[in-house]
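Everything on this sheet refers to the single structure shown next.
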Amino acid sequence: MKKIIVAIDGFSSSGKSTMARQLARETGYLYVDSGAMYRAVTLYALRNGMVGPDRSLDVAALVRALPHIDVAFALASDGNQHTLLNGEDVEREIRLMEVSEMVSPVAAVPEVRRFLTRLQQGYGVEKGIVMDGRDIGTTVFPDAEMKVFVNASPEVRAQRRVDELRAKGERVEYADVLANVMERDRIDSTREESPLRQAPDALVLDNDRLTREEQMQWLLDKFHTIAGD
Ligand code: DC
């Protein structure tokens, strides 16, 4: 069995992280949530006064700070992989709405993308990795052996996000979350640097129509065919 790189891309809340995490668990591969890395940099910007009251981003200050930002992952005591920002476990904080609302502008900064892309490519040197995001199959690992693009409607994704946030005790309205999902889609697909695009050689997974079990089976079948396992 050869080790491969699996790149899973798609819109926000398309369910790709859950799928990617599960695929990694089933195959013994390393899982890397590239969106969490953009969220951690966004949290740094929020904490360090780089976001104005009008939600404007001080791009120059953020770019100057990049050498002082370290994003990493560690296995936490709950058995899940958590995101670390300069050594601090920020897994919970990076999922809050205030981070979600600022992450697209941060992710549109070319220097931030170059900084995180290099880190992400480092994780793939030995292959045996599942990474999910927006530009993994196009920019981070254009030569990935298996590329998947997950399709799901904004309404289904917004409802999923509402359920997740409410389960965590956040008080959110469906309409606000739908607006956030659609605004992020717009920014993520129209930014100049590495916009969200489907790689021409990506397999397309239609998330609206398949159950979670069917999606996993589909992914595992493709994985075994490609990895020759
Ligand atoms: O997958 P997510 O919603 O946690 O990602 C958070 C944001 O990060 C999303 O709005 C777009 C950005 N992102 C990106 O630009 N490139 C990636 N590879 C992953 C995420």
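Ligands are numbered from 1 in the order shown, chains are lettered A, B, ... in the order of the structure tokens, and residues start at 1 in each chain.
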Legend entry - Protein and nucleic acid residues within 7 Å of ligand 1 (only C-alpha atoms and all ligand atoms) as a list in words: Ser12, Ser13, Ser34, Gly35, Ala36, Tyr38, Arg39, Ser100, Val103, Ser104, Ala107, Ala108, Asp132, Gly133, Arg134, Asp135, Ile136, Arg184 and Asp188 of chain A
Inset, instruction - Among the residues of region 112-168 of chain A, find those DSSP assigns to helix (DSSP H, G or I) from the backbone and print them as a PyMOL selection string. - result: chain A and resi 112-123+136-140+154-167
Inset, instruction - Would you mind telling me which residue in A:Ala227, A:Ala199, A:Asp208, A:Pro105 lies nearest to Arg55 (chain A) when using only C-alpha atoms? - result: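 For Arg55 (chain A), the nearest of the candidates is A:Pro105.
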Legend entry - All residues 8 Å or closer to region 20-23 of chain A, only C-alpha atoms, same chain fewer than 3 positions away omitted, as a VMD selection string: chain A and resid 8 16 to 17 26 to 27 29 31 130 to 132 216 219 to 220
Pull N, CA, C and O atoms from the residues just selected and write them as a short mmCIF file (atom, residue, chain, number, x, y, z; two decimals), in the first residue's frame.
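The result, stored in again06.cif:
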```
data_model
loop_
_atom_site.label_atom_id
_atom_site.label_comp_id
_atom_site.auth_asym_id
_atom_site.auth_seq_id
_atom_site.Cartn_x
_atom_site.Cartn_y
_atom_site.Cartn_z
N ILE A 8 -9.15 17.52 0.39
CA ILE A 8 -10.61 17.65 0.38
C ILE A 8 -10.96 19.14 0.45
O ILE A 8 -10.64 19.82 1.42
N LYS A 16 -17.06 18.80 5.21
CA LYS A 16 -15.81 18.19 4.76
C LYS A 16 -14.84 17.87 5.90
O LYS A 16 -14.13 16.88 5.83
N SER A 17 -14.85 18.70 6.96
CA SER A 17 -13.92 18.43 8.07
C SER A 17 -14.27 17.12 8.77
O SER A 17 -13.39 16.32 9.08
N GLU A 26 -9.90 6.25 9.85
CA GLU A 26 -10.06 4.91 9.28
C GLU A 26 -8.80 4.41 8.59
O GLU A 26 -8.58 3.21 8.47
N THR A 27 -8.00 5.34 8.08
CA THR A 27 -6.84 4.93 7.29
C THR A 27 -5.53 5.06 8.08
O THR A 27 -4.48 4.69 7.59
N TYR A 29 -4.18 7.85 8.76
CA TYR A 29 -3.46 9.01 8.23
C TYR A 29 -3.53 10.18 9.21
O TYR A 29 -4.38 10.23 10.10
N TYR A 31 -4.50 13.94 10.04
CA TYR A 31 -5.52 14.88 9.57
C TYR A 31 -5.09 16.31 9.84
O TYR A 31 -4.67 16.62 10.96
N VAL A 130 -4.48 13.55 5.27
CA VAL A 130 -5.74 14.05 4.74
C VAL A 130 -5.82 15.51 5.17
O VAL A 130 -5.74 15.81 6.37
N MET A 131 -5.92 16.42 4.21
CA MET A 131 -6.03 17.84 4.56
C MET A 131 -7.28 18.40 3.92
O MET A 131 -7.58 18.12 2.76
N ASP A 132 -8.05 19.18 4.68
CA ASP A 132 -9.23 19.78 4.09
C ASP A 132 -9.12 21.30 4.12
O ASP A 132 -8.38 21.87 4.91
N MET A 216 -19.01 8.31 3.63
CA MET A 216 -17.79 7.65 4.10
C MET A 216 -17.45 6.46 3.23
O MET A 216 -16.30 6.24 2.88
N LEU A 219 -16.01 7.66 0.02
CA LEU A 219 -14.63 8.12 0.19
C LEU A 219 -13.66 6.95 0.36
O LEU A 219 -12.58 6.94 -0.24
N LEU A 220 -14.07 5.97 1.17
CA LEU A 220 -13.18 4.83 1.42
C LEU A 220 -12.97 4.01 0.14
O LEU A 220 -11.85 3.57 -0.13
#
```
Show me, as a PDB file with C-alpha atoms, in the first residue's frame, the residues that have an atom within 6 Å of region 125-129 of chain A when counting only C-alpha atoms, minus same-chain residues fewer than 3 positions from it.
```
ATOM      1  CA  LYS A   3       0.975   6.440   1.091  1.00  0.00           C
ATOM      2  CA  ILE A   4      -0.920   9.201  -0.647  1.00  0.00           C
ATOM      3  CA  ILE A   5      -2.073  12.759  -0.069  1.00  0.00           C
ATOM      4  CA  TYR A  29      -3.461   9.010   8.225  1.00  0.00           C
ATOM      5  CA  LEU A  30      -2.643  12.386   9.756  1.00  0.00           C
ATOM      6  CA  TYR A  31      -5.524  14.877   9.569  1.00  0.00           C
ATOM      7  CA  GLY A 122       5.451  20.768   5.423  1.00  0.00           C
TER       8      GLY A 122
END
```
Legend entry - DSSP strand (DSSP E) selection over region 106-224 of chain A, as a ChimeraX atom specification: /A:129-133,146-151,203-206
Inset, instruction - Could you check which of A:Ser77, A:Gln215, A:Ser153, A:Thr139 is closest to Asp185 (chain A), using only C-alpha atoms? - result: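 When distances to Asp185 (chain A) are compared using only C-alpha atoms, the smallest one comes from A:Ser153.
Counting only C-alpha atoms and comparing A:Tyr44, A:Phe141, A:Tyr174, A:Phe11, the residue that lies closest to Leu84 (chain A) is A:Tyr44.
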